[in-house]
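query.tsv (TSV, C-alpha atoms)
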chain	number	residue	atom	x	y	z
A	1	MET	CA	-165.20	203.56	-24.98
A	2	ASN	CA	-162.71	204.79	-22.42
A	3	ASP	CA	-163.21	202.38	-19.55
A	4	TRP	CA	-161.81	204.72	-16.91
A	5	LEU	CA	-164.23	207.42	-18.02
A	6	LEU	CA	-167.03	204.90	-17.54
A	7	VAL	CA	-165.78	204.03	-14.05
A	8	ALA	CA	-165.56	207.72	-13.13
A	9	ALA	CA	-169.08	208.48	-14.40
A	10	MET	CA	-170.60	205.44	-12.66
A	11	ALA	CA	-168.76	206.29	-9.44
A	12	LEU	CA	-169.97	209.89	-9.59
A	13	VAL	CA	-173.66	209.06	-10.06
A	14	THR	CA	-173.58	206.23	-7.52
A	15	PHE	CA	-171.95	208.36	-4.85
A	16	THR	CA	-174.31	211.25	-5.58
A	17	ILE	CA	-177.37	209.02	-5.15
A	18	ARG	CA	-176.05	207.66	-1.86
A	19	TYR	CA	-174.83	210.97	-0.50
A	20	VAL	CA	-177.22	213.71	-1.60
A	21	LEU	CA	-179.90	213.18	1.05
A	22	LEU	CA	-177.28	212.73	3.76
A	23	ALA	CA	-175.49	215.90	2.66
A	24	PHE	CA	-178.61	218.01	3.05
A	25	SER	CA	-179.92	216.16	6.10
A	26	GLY	CA	-179.44	219.23	8.26
A	27	ARG	CA	-181.84	221.20	6.09
A	28	ILE	CA	-184.41	218.45	5.58
A	29	GLN	CA	-187.38	218.67	7.90
A	30	LEU	CA	-188.39	215.13	8.78
A	31	SER	CA	-192.12	215.14	9.28
A	32	PRO	CA	-193.52	212.58	11.74
A	33	THR	CA	-195.35	211.00	8.80
A	34	LEU	CA	-192.11	210.48	6.93
A	35	VAL	CA	-190.26	209.11	9.96
A	36	ARG	CA	-193.07	206.64	10.58
A	37	ALA	CA	-193.13	205.54	6.96
A	38	LEU	CA	-189.33	205.18	6.85
A	39	GLY	CA	-189.51	202.83	9.81
A	40	TYR	CA	-190.91	200.25	7.42
A	41	VAL	CA	-188.01	200.56	4.97
A	42	PRO	CA	-185.48	198.11	6.47
A	43	PRO	CA	-187.68	194.97	6.73
A	44	VAL	CA	-189.55	195.81	3.54
A	45	VAL	CA	-186.43	196.29	1.42
A	46	LEU	CA	-184.77	193.19	2.83
A	47	THR	CA	-187.92	191.21	2.01
A	48	ALA	CA	-187.95	192.60	-1.52
A	49	ILE	CA	-184.35	191.42	-1.94
A	50	VAL	CA	-184.77	188.00	-0.31
A	51	VAL	CA	-188.07	186.69	-1.70
A	52	PRO	CA	-187.08	186.86	-5.40
A	53	ALA	CA	-183.65	185.39	-4.56
A	54	VAL	CA	-185.46	182.40	-3.04
A	55	VAL	CA	-188.28	181.73	-5.50
A	56	PHE	CA	-186.41	182.75	-8.69
A	57	PRO	CA	-183.14	180.82	-8.21
A	58	ASP	CA	-182.11	181.48	-11.82
A	59	GLY	CA	-183.48	185.01	-11.77
A	60	GLU	CA	-186.34	184.31	-14.15
A	61	THR	CA	-188.31	181.10	-13.51
A	62	LEU	CA	-190.64	180.93	-10.52
A	63	TRP	CA	-189.82	177.70	-8.66
A	64	LEU	CA	-192.08	176.87	-5.71
A	65	GLY	CA	-191.39	173.09	-5.69
A	66	TRP	CA	-190.05	171.18	-2.70
A	67	GLN	CA	-186.88	170.44	-4.66
A	68	ASN	CA	-185.95	174.13	-4.52
A	69	ALA	CA	-183.28	174.02	-1.79
A	70	ARG	CA	-183.37	177.81	-1.41
A	71	LEU	CA	-187.06	177.68	-0.61
A	72	VAL	CA	-186.58	174.89	1.94
A	73	GLY	CA	-183.60	176.71	3.46
A	74	ALA	CA	-185.58	179.96	3.65
A	75	ILE	CA	-188.51	178.25	5.38
A	76	ALA	CA	-186.05	176.73	7.86
A	77	CYS	CA	-184.67	180.25	8.48
A	78	VAL	CA	-188.14	181.65	9.18
A	79	ILE	CA	-188.95	178.82	11.61
A	80	LEU	CA	-185.61	179.19	13.40
A	81	ALA	CA	-185.92	182.97	13.58
A	82	LEU	CA	-189.45	182.73	14.98
A	83	GLY	CA	-188.49	180.02	17.46
A	84	TYR	CA	-185.13	181.16	18.78
A	85	LYS	CA	-184.75	184.87	17.96
A	86	ASN	CA	-181.03	184.28	17.51
A	87	LEU	CA	-179.51	185.63	14.29
A	88	LEU	CA	-176.40	183.44	14.22
A	89	LEU	CA	-178.45	180.32	14.88
A	90	THR	CA	-180.82	181.28	12.06
A	91	ILE	CA	-177.91	181.76	9.66
A	92	ALA	CA	-176.11	178.55	10.65
A	93	GLY	CA	-179.27	176.44	10.72
A	94	GLY	CA	-180.56	177.94	7.47
A	95	MET	CA	-177.26	177.27	5.68
A	96	ALA	CA	-177.24	173.70	7.01
A	97	ALA	CA	-180.82	173.13	5.85
A	98	PHE	CA	-180.06	174.65	2.43
A	99	TRP	CA	-176.88	172.67	1.84
A	100	GLY	CA	-178.37	169.49	3.31
A	101	TRP	CA	-181.46	169.72	1.11
A	102	GLN	CA	-179.39	170.54	-1.96
A	103	TRP	CA	-177.30	167.43	-1.29
A	104	LEU	CA	-180.41	165.28	-0.77
A	105	VAL	CA	-182.21	166.29	-3.95
A	106	SER	CA	-179.20	166.38	-6.24
B	1	MET	CA	-183.86	216.01	25.39
B	2	ARG	CA	-180.16	216.48	25.89
B	3	ARG	CA	-180.41	216.01	29.62
B	4	PHE	CA	-182.42	212.90	29.03
B	5	LEU	CA	-179.68	211.54	26.77
B	6	LEU	CA	-176.92	212.37	29.21
B	7	ALA	CA	-178.78	210.79	32.08
B	8	LYS	CA	-179.34	207.71	29.96
B	9	ALA	CA	-175.68	207.47	28.94
B	10	SER	CA	-174.61	206.41	32.39
B	11	ASP	CA	-176.89	203.37	32.18
B	12	PHE	CA	-174.88	201.90	29.35
B	13	GLU	CA	-171.30	200.94	28.90
B	14	VAL	CA	-170.20	203.16	26.03
B	15	ARG	CA	-168.02	201.25	23.63
B	16	SER	CA	-164.96	202.93	22.14
B	17	PRO	CA	-164.86	203.79	18.40
B	18	ARG	CA	-162.48	200.90	17.91
B	19	GLN	CA	-164.78	198.45	19.67
B	20	GLU	CA	-167.73	199.70	17.65
B	21	ALA	CA	-165.82	199.33	14.36
B	22	LEU	CA	-164.71	195.81	15.24
B	23	ALA	CA	-168.26	194.87	16.24
B	24	GLY	CA	-169.57	196.20	12.91
B	25	ALA	CA	-166.93	194.28	10.97
B	26	ARG	CA	-167.73	191.13	12.94
B	27	ASP	CA	-171.49	191.39	12.59
B	28	ILE	CA	-171.35	191.82	8.81
B	29	ILE	CA	-169.28	188.64	8.30
B	30	PRO	CA	-172.23	186.49	7.11
B	31	LEU	CA	-173.07	189.11	4.48
B	32	VAL	CA	-169.41	189.40	3.49
B	33	VAL	CA	-169.37	185.63	2.97
B	34	GLY	CA	-172.53	185.89	0.89
B	35	ALA	CA	-170.89	188.48	-1.37
B	36	ILE	CA	-167.76	186.38	-2.06
B	37	PRO	CA	-169.12	184.43	-5.06
B	38	PHE	CA	-170.50	187.61	-6.64
B	39	GLY	CA	-167.16	189.41	-6.33
B	40	ILE	CA	-165.31	186.48	-7.88
B	41	ILE	CA	-167.85	186.12	-10.68
B	42	PHE	CA	-167.70	189.85	-11.37
B	43	GLY	CA	-163.92	189.73	-11.72
B	44	THR	CA	-164.07	186.62	-13.90
B	45	LEU	CA	-166.74	188.02	-16.22
B	46	ALA	CA	-164.96	191.38	-16.50
B	47	GLN	CA	-162.01	189.71	-18.22
B	48	GLY	CA	-163.93	189.15	-21.41
B	49	SER	CA	-165.97	192.36	-21.29
B	50	GLY	CA	-163.52	194.89	-22.69
B	51	LEU	CA	-162.91	196.44	-19.29
B	52	SER	CA	-159.19	196.61	-18.50
B	53	PHE	CA	-157.70	194.97	-15.40
B	54	GLY	CA	-157.21	198.35	-13.71
B	55	ALA	CA	-160.66	199.66	-14.59
B	56	THR	CA	-162.28	196.48	-13.24
B	57	ILE	CA	-160.55	196.89	-9.87
B	58	GLY	CA	-161.30	200.60	-10.13
B	59	MET	CA	-164.99	199.91	-10.65
B	60	SER	CA	-165.13	197.78	-7.50
B	61	ALA	CA	-163.07	200.36	-5.59
B	62	PHE	CA	-164.85	203.55	-6.70
B	63	VAL	CA	-168.35	202.51	-7.74
B	64	PHE	CA	-168.70	199.73	-5.14
B	65	ALA	CA	-172.22	198.71	-6.16
B	66	GLY	CA	-172.46	195.07	-7.22
B	67	SER	CA	-175.72	195.01	-9.15
B	68	SER	CA	-174.87	198.03	-11.27
B	69	GLN	CA	-171.37	196.68	-11.90
B	70	PHE	CA	-172.81	193.43	-13.28
B	71	ILE	CA	-175.30	195.30	-15.43
B	72	ALA	CA	-172.53	197.57	-16.73
B	73	LEU	CA	-170.59	194.48	-17.84
B	74	GLY	CA	-173.64	193.17	-19.65
B	75	LEU	CA	-174.29	196.48	-21.35
B	76	LEU	CA	-170.61	196.82	-22.33
B	77	ALA	CA	-170.71	193.37	-23.89
B	78	ALA	CA	-173.85	194.39	-25.80
B	79	GLY	CA	-172.04	197.46	-27.13
B	80	SER	CA	-174.05	200.06	-25.23
B	81	THR	CA	-173.00	203.70	-25.11
B	82	LEU	CA	-171.58	205.38	-22.02
B	83	PRO	CA	-174.60	207.60	-21.31
B	84	LEU	CA	-176.91	204.59	-21.40
B	85	ILE	CA	-174.74	202.63	-18.95
B	86	VAL	CA	-174.55	205.62	-16.62
B	87	LEU	CA	-178.31	206.15	-16.80
B	88	THR	CA	-178.90	202.47	-16.03
B	89	THR	CA	-176.51	202.79	-13.07
B	90	VAL	CA	-178.68	205.60	-11.72
B	91	VAL	CA	-181.84	203.50	-11.96
B	92	VAL	CA	-180.26	200.38	-10.48
B	93	ASN	CA	-178.77	202.31	-7.55
B	94	LEU	CA	-181.84	204.41	-6.83
B	95	ARG	CA	-182.72	202.14	-3.91
B	96	HIS	CA	-179.72	203.51	-2.05
B	97	MET	CA	-181.55	206.81	-1.79
B	98	LEU	CA	-184.25	204.99	0.16
B	99	TYR	CA	-181.56	203.70	2.53
B	100	ALA	CA	-180.12	207.19	2.90
B	101	ALA	CA	-183.61	208.48	3.71
B	102	SER	CA	-184.02	205.98	6.50
B	103	LEU	CA	-180.61	206.85	7.89
B	104	LEU	CA	-181.48	210.57	7.99
B	105	PRO	CA	-182.65	210.70	11.62
B	106	TYR	CA	-179.33	209.20	12.72
B	107	VAL	CA	-176.92	211.37	10.70
B	108	GLN	CA	-178.44	214.77	11.36
B	109	GLY	CA	-175.83	215.64	13.95
B	110	ALA	CA	-172.93	214.12	12.05
B	111	SER	CA	-170.13	216.05	10.35
B	112	GLN	CA	-170.09	216.44	6.60
B	113	ARG	CA	-167.08	214.12	6.51
B	114	TRP	CA	-169.00	211.36	8.26
B	115	LYS	CA	-171.93	211.87	5.92
B	116	ALA	CA	-169.64	211.45	2.91
B	117	VAL	CA	-168.13	208.30	4.43
B	118	ILE	CA	-171.57	206.86	5.20
B	119	GLY	CA	-172.70	207.70	1.66
B	120	PHE	CA	-169.71	206.06	0.05
B	121	PHE	CA	-170.09	202.77	1.93
B	122	LEU	CA	-173.89	202.63	1.57
B	123	THR	CA	-174.71	199.15	0.25
B	124	ASP	CA	-177.63	196.80	0.88
B	125	GLU	CA	-175.49	194.90	3.35
B	126	ALA	CA	-173.98	197.84	5.26
B	127	PHE	CA	-177.42	199.41	5.55
B	128	ALA	CA	-179.01	196.19	6.80
B	129	ILE	CA	-176.36	195.75	9.49
B	130	ALA	CA	-175.95	199.39	10.54
B	131	ILE	CA	-179.63	200.28	10.84
B	132	ARG	CA	-179.90	197.61	13.56
B	133	ARG	CA	-177.16	199.37	15.51
B	134	TYR	CA	-178.70	202.81	15.00
B	135	LEU	CA	-182.06	201.50	16.21
B	136	GLN	CA	-180.61	200.25	19.50
B	137	PRO	CA	-181.71	202.58	22.29
B	138	ASP	CA	-178.30	203.26	23.85
B	139	PRO	CA	-177.07	206.79	23.14
B	140	SER	CA	-173.53	205.83	22.12
B	141	PRO	CA	-171.90	208.66	20.17
B	142	HIS	CA	-169.84	206.13	18.22
B	143	LYS	CA	-172.48	204.30	16.21
B	144	HIS	CA	-171.03	205.70	12.98
B	145	TRP	CA	-167.87	203.73	13.76
B	146	TYR	CA	-169.92	200.56	13.81
B	147	TYR	CA	-171.20	201.47	10.35
B	148	LEU	CA	-167.65	202.21	9.20
B	149	GLY	CA	-166.37	198.86	10.45
B	150	ALA	CA	-169.13	197.04	8.60
B	151	GLY	CA	-168.68	199.15	5.45
B	152	VAL	CA	-164.90	198.71	5.30
B	153	ALA	CA	-165.18	194.92	5.81
B	154	MET	CA	-167.66	194.72	2.93
B	155	TYR	CA	-165.50	197.00	0.79
B	156	GLY	CA	-162.21	195.19	1.38
B	157	ASN	CA	-163.83	191.85	0.63
B	158	TRP	CA	-165.43	193.17	-2.56
B	159	ILE	CA	-162.13	194.45	-3.95
B	160	LEU	CA	-160.27	191.30	-2.89
B	161	CYS	CA	-162.86	189.03	-4.53
B	162	THR	CA	-162.86	191.13	-7.70
B	163	TRP	CA	-159.09	190.73	-7.82
B	164	LEU	CA	-159.37	186.98	-7.19
B	165	GLY	CA	-161.86	186.71	-10.03
B	166	LEU	CA	-159.56	188.65	-12.34
B	167	THR	CA	-156.45	186.67	-11.53
B	168	VAL	CA	-157.43	183.11	-10.66
B	169	GLY	CA	-161.13	183.27	-11.59
B	170	GLN	CA	-160.77	180.77	-14.41
B	171	LEU	CA	-159.23	178.24	-12.02
B	172	ILE	CA	-162.02	178.55	-9.45
B	173	PRO	CA	-164.83	176.07	-10.05
B	174	ASN	CA	-168.21	177.71	-10.69
B	175	ALA	CA	-168.52	180.05	-7.73
B	176	ALA	CA	-172.25	180.48	-8.36
B	177	ALA	CA	-172.90	176.83	-7.50
B	178	TRP	CA	-171.37	176.90	-4.02
B	179	GLY	CA	-174.50	178.32	-2.48
B	180	LEU	CA	-172.51	180.83	-0.41
B	181	ASP	CA	-174.89	183.54	-1.60
B	182	PHE	CA	-177.57	181.81	0.48
B	183	ALA	CA	-175.78	183.28	3.52
B	184	MET	CA	-177.25	186.64	2.51
B	185	VAL	CA	-180.75	185.16	2.28
B	186	ALA	CA	-180.40	183.50	5.70
B	187	THR	CA	-179.02	186.65	7.31
B	188	PHE	CA	-181.69	188.90	5.88
B	189	ILE	CA	-184.48	186.52	6.95
B	190	GLY	CA	-183.01	186.47	10.43
B	191	MET	CA	-183.15	190.27	10.40
B	192	ILE	CA	-186.66	190.58	8.94
B	193	VAL	CA	-188.49	188.19	11.27
B	194	PRO	CA	-187.94	190.15	14.52
B	195	TYR	CA	-189.67	193.14	12.90
B	196	ALA	CA	-192.85	191.13	12.32
B	197	THR	CA	-194.44	191.87	15.68
B	198	THR	CA	-197.27	194.23	14.68
B	199	ARG	CA	-200.06	193.87	12.17
B	200	PRO	CA	-198.92	196.82	10.00
B	201	MET	CA	-195.38	195.44	9.90
B	202	VAL	CA	-196.54	191.93	8.97
B	203	GLY	CA	-198.77	193.42	6.27
B	204	ALA	CA	-195.91	195.55	4.94
B	205	ILE	CA	-193.58	192.55	4.78
B	206	LEU	CA	-196.14	190.27	3.10
B	207	ILE	CA	-197.07	192.86	0.47
B	208	ALA	CA	-193.41	193.66	-0.21
B	209	GLY	CA	-192.68	189.97	-0.77
B	210	LEU	CA	-195.70	189.46	-2.99
B	211	VAL	CA	-195.05	192.56	-5.11
B	212	ALA	CA	-191.36	191.64	-5.39
B	213	VAL	CA	-192.41	188.33	-6.96
B	214	LEU	CA	-194.99	189.91	-9.27
B	215	ALA	CA	-192.59	192.68	-10.33
B	216	ASN	CA	-189.59	190.39	-10.80
B	217	GLY	CA	-189.78	190.82	-14.56
B	218	LEU	CA	-189.09	194.55	-14.36
B	219	PRO	CA	-185.59	195.49	-15.51
B	220	HIS	CA	-182.82	197.19	-13.54
B	221	LYS	CA	-183.94	196.17	-10.05
B	222	LEU	CA	-187.00	198.36	-10.46
B	223	GLY	CA	-189.09	195.54	-9.00
B	224	LEU	CA	-187.26	196.07	-5.72
B	225	MET	CA	-188.21	199.75	-5.64
B	226	VAL	CA	-191.83	199.02	-6.56
B	227	ALA	CA	-192.05	196.32	-3.87
B	228	ALA	CA	-190.42	198.59	-1.27
B	229	ILE	CA	-192.81	201.44	-1.98
B	230	ALA	CA	-195.81	199.08	-1.94
B	231	GLY	CA	-194.67	197.60	1.38
B	232	VAL	CA	-194.01	200.95	3.07
B	233	THR	CA	-197.34	202.31	1.84
B	234	THR	CA	-199.17	199.23	3.10
B	235	GLY	CA	-197.54	199.45	6.51
B	236	TYR	CA	-198.26	203.14	6.87
B	237	TRP	CA	-201.84	202.69	5.72
B	238	LEU	CA	-202.49	199.83	8.15
B	239	GLU	CA	-200.93	201.81	10.96
B	240	THR	CA	-202.89	205.01	10.44
B	241	ARG	CA	-206.28	203.85	9.19
B	242	PRO	CA	-209.04	204.63	11.66
What's the structure tokens form of this structure?
Amino acid sequence: MNDWLLVAAMALVTFTIRYVLLAFSGRIQLSPTLVRALGYVPPVVLTAIVVPAVVFPDGETLWLGWQNARLVGAIACVILALGYKNLLLTIAGGMAAFWGWQWLVS
Amino acid sequence: MRRFLLAKASDFEVRSPRQEALAGARDIIPLVVGAIPFGIIFGTLAQGSGLSFGATIGMSAFVFAGSSQFIALGLLAAGSTLPLIVLTTVVVNLRHMLYAASLLPYVQGASQRWKAVIGFFLTDEAFAIAIRRYLQPDPSPHKHWYYLGAGVAMYGNWILCTWLGLTVGQLIPNAAAWGLDFAMVATFIGMIVPYATTRPMVGAILIAGLVAVLANGLPHKLGLMVAAIAGVTTGYWLETRP
């Protein structure tokens, strides 16, 4: 297979998917229903990315045990985010909890 | 509406395009850090996949979509055909259309050039960072610059890490084990929690998380799409039910 042809085809479809709605945004009528529904997209998508990354550390096996440092780190992040409402603190504290726990259980 | 916006503008200090771009680049740093191991691993794995050095860099530079790039490597190694890899790319990247849909209200006045730029840099990370800026109530005309700053930072890092993986990847100890990717998890949690202030939003988030776990076995990131649709539907239903 020509690898540059593959790159070009993948680039074309990826850009098209990302761009097509934006390109026609002037002609798309956004109904109030749609706008309301789309308001849920950011937190919902981020959740759908994060939760599997936490409870399936290897991508396949569900791991809900206390030895799962990602799970402990994620719980720390939720507590910090609820308590302090400060993004940088959540990131720093969550990373510290994750690394600390990983070091403890290893 | 316009008068309202103009009147409002005086209440805020409008940042210059440059300041917006720098702020975007700064705010995306945790997500850039989280992407570092993936970029390095992608470059390292590409060496044995049959993809040439140039085409590997080219894939990061022109496709710029991590998940589909990894899956393409896997399919190449398995001897898949080009149409199948391209079709898989479409499925894996379908979620970006959801992001574009939620950006629609903010790009309607933008030039076609801006729309193309926003489309090109549309990743999970750039979307997550930029939507926060777009949602802020100040009427700055330069919010696209914030997006651009974030997008370019993510892009430059992705190409650099791909190159690192290709060149010195074998010398770098197992990048997957560093735990840097947890930076993405921490950042996203820090972004999700502030949304959880209403019952519909909490319901949407809980259902999205639950469905994402149940649908984890689905191939090609389809679980993400299913979970997103389930979450949005739940939120909308809770919000509008009598």
Just the residues within 6 Å of stretch 94-106 of chain B, please, counting only C-alpha atoms, with nothing from its chain fewer than 4 positions along; format it as an NGL selection string. (:A and (17-18 or 38)) or (:B and (90))
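In this structure, atom CA of B:Val185 sits 17.8 Å away from atom CA of B:Ala150.
Taking only C-alpha atoms into account, chain A lies nearest to B:Gly231 out of the set B:Gly231, B:Pro242, B:Gly24, B:Gly165.
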Would you mind listing, for every residue of stretch 78-179 of chain B within 12 Å of stretch 4-7 of chain A, the two atoms forming the shortest contact and the distance between them in Å to one decimal, using all atoms listed in the file, sorted by chain and ascending residue number, as a Markdown table?
| residue | atom | partner | partner_atom | distance |
| --- | --- | --- | --- | --- |
| B:Ser80 | CA | A:Leu6 | CA | 11.5 |
| B:Thr81 | CA | A:Leu6 | CA | 9.7 |
| B:Leu82 | CA | A:Leu6 | CA | 6.4 |
| B:Pro83 | CA | A:Leu6 | CA | 8.9 |
| B:Leu84 | CA | A:Leu6 | CA | 10.6 |
| B:Ile85 | CA | A:Leu6 | CA | 8.2 |
| B:Val86 | CA | A:Leu6 | CA | 7.6 |
| B:Leu87 | CA | A:Leu6 | CA | 11.4 |
| B:Thr89 | CA | A:Leu6 | CA | 10.7 |
Could you build a table of the residues in stretch 56-93 of chain B lying no more than 10 Å from stretch 122-140 of chain B, giving for each the nearest pair of atoms and their separation in Å rounded to one decimal place, using all atoms listed in the file, ordered by chain and ascending residue number, as a tab-separated table?
residue	atom	partner	partner_atom	distance
B:Phe64	CA	B:Thr123	CA	8.1
B:Ala65	CA	B:Thr123	CA	6.9
B:Gly66	CA	B:Thr123	CA	8.8
B:Asn93	CA	B:Thr123	CA	9.3
Counting all atoms listed in the file, find the residues whose atoms lie at most 12 Å from (-187.0, 189.3, 9.5) (file coordinates) and write them out as a ChimeraX atom specification. /A:40,42-51,74-75,77-82,85-87,90-91 /B:128,132,185-197,201-202,204-206,209
Would you save the residues from that selection as a PDB file, in the coordinates of the input, using C-alpha atoms?
ATOM      1  CA  TYR A  40    -190.910 200.250   7.420  1.00  0.00           C
ATOM      2  CA  PRO A  42    -185.480 198.110   6.470  1.00  0.00           C
ATOM      3  CA  PRO A  43    -187.680 194.970   6.730  1.00  0.00           C
ATOM      4  CA  VAL A  44    -189.550 195.810   3.540  1.00  0.00           C
ATOM      5  CA  VAL A  45    -186.430 196.290   1.420  1.00  0.00           C
ATOM      6  CA  LEU A  46    -184.770 193.190   2.830  1.00  0.00           C
ATOM      7  CA  THR A  47    -187.920 191.210   2.010  1.00  0.00           C
ATOM      8  CA  ALA A  48    -187.950 192.600  -1.520  1.00  0.00           C
ATOM      9  CA  ILE A  49    -184.350 191.420  -1.940  1.00  0.00           C
ATOM     10  CA  VAL A  50    -184.770 188.000  -0.310  1.00  0.00           C
ATOM     11  CA  VAL A  51    -188.070 186.690  -1.700  1.00  0.00           C
ATOM     12  CA  ALA A  74    -185.580 179.960   3.650  1.00  0.00           C
ATOM     13  CA  ILE A  75    -188.510 178.250   5.380  1.00  0.00           C
ATOM     14  CA  CYS A  77    -184.670 180.250   8.480  1.00  0.00           C
ATOM     15  CA  VAL A  78    -188.140 181.650   9.180  1.00  0.00           C
ATOM     16  CA  ILE A  79    -188.950 178.820  11.610  1.00  0.00           C
ATOM     17  CA  LEU A  80    -185.610 179.190  13.400  1.00  0.00           C
ATOM     18  CA  ALA A  81    -185.920 182.970  13.580  1.00  0.00           C
ATOM     19  CA  LEU A  82    -189.450 182.730  14.980  1.00  0.00           C
ATOM     20  CA  LYS A  85    -184.750 184.870  17.960  1.00  0.00           C
ATOM     21  CA  ASN A  86    -181.030 184.280  17.510  1.00  0.00           C
ATOM     22  CA  LEU A  87    -179.510 185.630  14.290  1.00  0.00           C
ATOM     23  CA  THR A  90    -180.820 181.280  12.060  1.00  0.00           C
ATOM     24  CA  ILE A  91    -177.910 181.760   9.660  1.00  0.00           C
TER      25      ILE A  91
ATOM     26  CA  ALA B 128    -179.010 196.190   6.800  1.00  0.00           C
ATOM     27  CA  ARG B 132    -179.900 197.610  13.560  1.00  0.00           C
ATOM     28  CA  VAL B 185    -180.750 185.160   2.280  1.00  0.00           C
ATOM     29  CA  ALA B 186    -180.400 183.500   5.700  1.00  0.00           C
ATOM     30  CA  THR B 187    -179.020 186.650   7.310  1.00  0.00           C
ATOM     31  CA  PHE B 188    -181.690 188.900   5.880  1.00  0.00           C
ATOM     32  CA  ILE B 189    -184.480 186.520   6.950  1.00  0.00           C
ATOM     33  CA  GLY B 190    -183.010 186.470  10.430  1.00  0.00           C
ATOM     34  CA  MET B 191    -183.150 190.270  10.400  1.00  0.00           C
ATOM     35  CA  ILE B 192    -186.660 190.580   8.940  1.00  0.00           C
ATOM     36  CA  VAL B 193    -188.490 188.190  11.270  1.00  0.00           C
ATOM     37  CA  PRO B 194    -187.940 190.150  14.520  1.00  0.00           C
ATOM     38  CA  TYR B 195    -189.670 193.140  12.900  1.00  0.00           C
ATOM     39  CA  ALA B 196    -192.850 191.130  12.320  1.00  0.00           C
ATOM     40  CA  THR B 197    -194.440 191.870  15.680  1.00  0.00           C
ATOM     41  CA  MET B 201    -195.380 195.440   9.900  1.00  0.00           C
ATOM     42  CA  VAL B 202    -196.540 191.930   8.970  1.00  0.00           C
ATOM     43  CA  ALA B 204    -195.910 195.550   4.940  1.00  0.00           C
ATOM     44  CA  ILE B 205    -193.580 192.550   4.780  1.00  0.00           C
ATOM     45  CA  LEU B 206    -196.140 190.270   3.100  1.00  0.00           C
ATOM     46  CA  GLY B 209    -192.680 189.970  -0.770  1.00  0.00           C
TER      47      GLY B 209
END
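Excluding B:Arg15 itself and same-chain residues fewer than 2 positions from it, the residues having an atom within 12 Å of it are B:Ala9, B:Phe12, B:Glu13, B:Pro17, B:Arg18, B:Gln19, B:Glu20, B:Ala21, B:Leu22, B:Ala23, B:Gly24, B:Asp138, B:Pro139, B:Ser140, B:Pro141, B:His142, B:Lys143, B:His144, B:Trp145, B:Tyr146, counting only C-alpha atoms.
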Quick one: residues within 10 Å of B:Thr240, only C-alpha atoms, excluding same-chain residues fewer than 6 positions away - as a PDB file with C-alpha atoms, keeping the file's coordinate frame?
ATOM      1  CA  THR A  33    -195.350 211.000   8.800  1.00  0.00           C
ATOM      2  CA  ARG A  36    -193.070 206.640  10.580  1.00  0.00           C
TER       3      ARG A  36
ATOM      4  CA  PRO B 200    -198.920 196.820  10.000  1.00  0.00           C
TER       5      PRO B 200
END
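Considering the residues B:Ile36, B:Ser68, B:Ala153, B:Gly217 and counting only C-alpha atoms, B:Gly179 has its shortest atom-to-atom contact with B:Ile36.
Checking B:Trp158, B:Phe42, B:Phe53, B:Phe62 one by one against chain A, counting all atoms listed in the file, you find the shortest gap at B:Phe62.
Going from atom CA of B:Ala77 over to atom CA of B:Ala46, you cover 9.6 Å.
Using all atoms listed in the file, the smallest distance between any of B:Asn157, B:Thr88, B:Ser111, B:Thr198 and B:Ile40 comes from B:Asn157.
Minimum atom-to-atom distances from B:Val63, B:Ala25, B:Met184, B:Leu210 to chain A were compared using all atoms listed in the file, and the lowest value belongs to B:Val63.
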I need stretch 149-158 of chain B written out with N, CA and C atoms, as a CSV table (one decimal), in the first residue's frame; please produce it.
chain,number,residue,atom,x,y,z
B,149,GLY,N,-4.7,29.3,19.6
B,149,GLY,CA,-3.6,29.1,20.5
B,149,GLY,C,-3.5,27.7,21.1
B,150,ALA,N,-4.7,27.2,21.6
B,150,ALA,CA,-4.8,25.9,22.2
B,150,ALA,C,-4.5,24.8,21.1
B,151,GLY,N,-5.1,25.0,19.9
B,151,GLY,CA,-5.0,24.0,18.9
B,151,GLY,C,-3.6,23.9,18.4
B,152,VAL,N,-2.9,25.0,18.2
B,152,VAL,CA,-1.5,25.0,17.7
B,152,VAL,C,-0.6,24.4,18.7
B,153,ALA,N,-0.8,24.7,20.0
B,153,ALA,CA,0.0,24.1,21.1
B,153,ALA,C,-0.1,22.5,21.0
B,154,MET,N,-1.3,22.1,20.9
B,154,MET,CA,-1.6,20.6,20.9
B,154,MET,C,-1.0,20.0,19.6
B,155,TYR,N,-1.1,20.7,18.5
B,155,TYR,CA,-0.6,20.3,17.2
B,155,TYR,C,1.0,20.2,17.2
B,156,GLY,N,1.6,21.3,17.7
B,156,GLY,CA,3.1,21.3,17.7
B,156,GLY,C,3.6,20.1,18.5
B,157,ASN,N,3.0,20.0,19.7
B,157,ASN,CA,3.4,18.9,20.6
B,157,ASN,C,3.2,17.5,20.0
B,158,TRP,N,2.1,17.3,19.3
B,158,TRP,CA,1.8,16.0,18.7
B,158,TRP,C,2.9,15.6,17.7
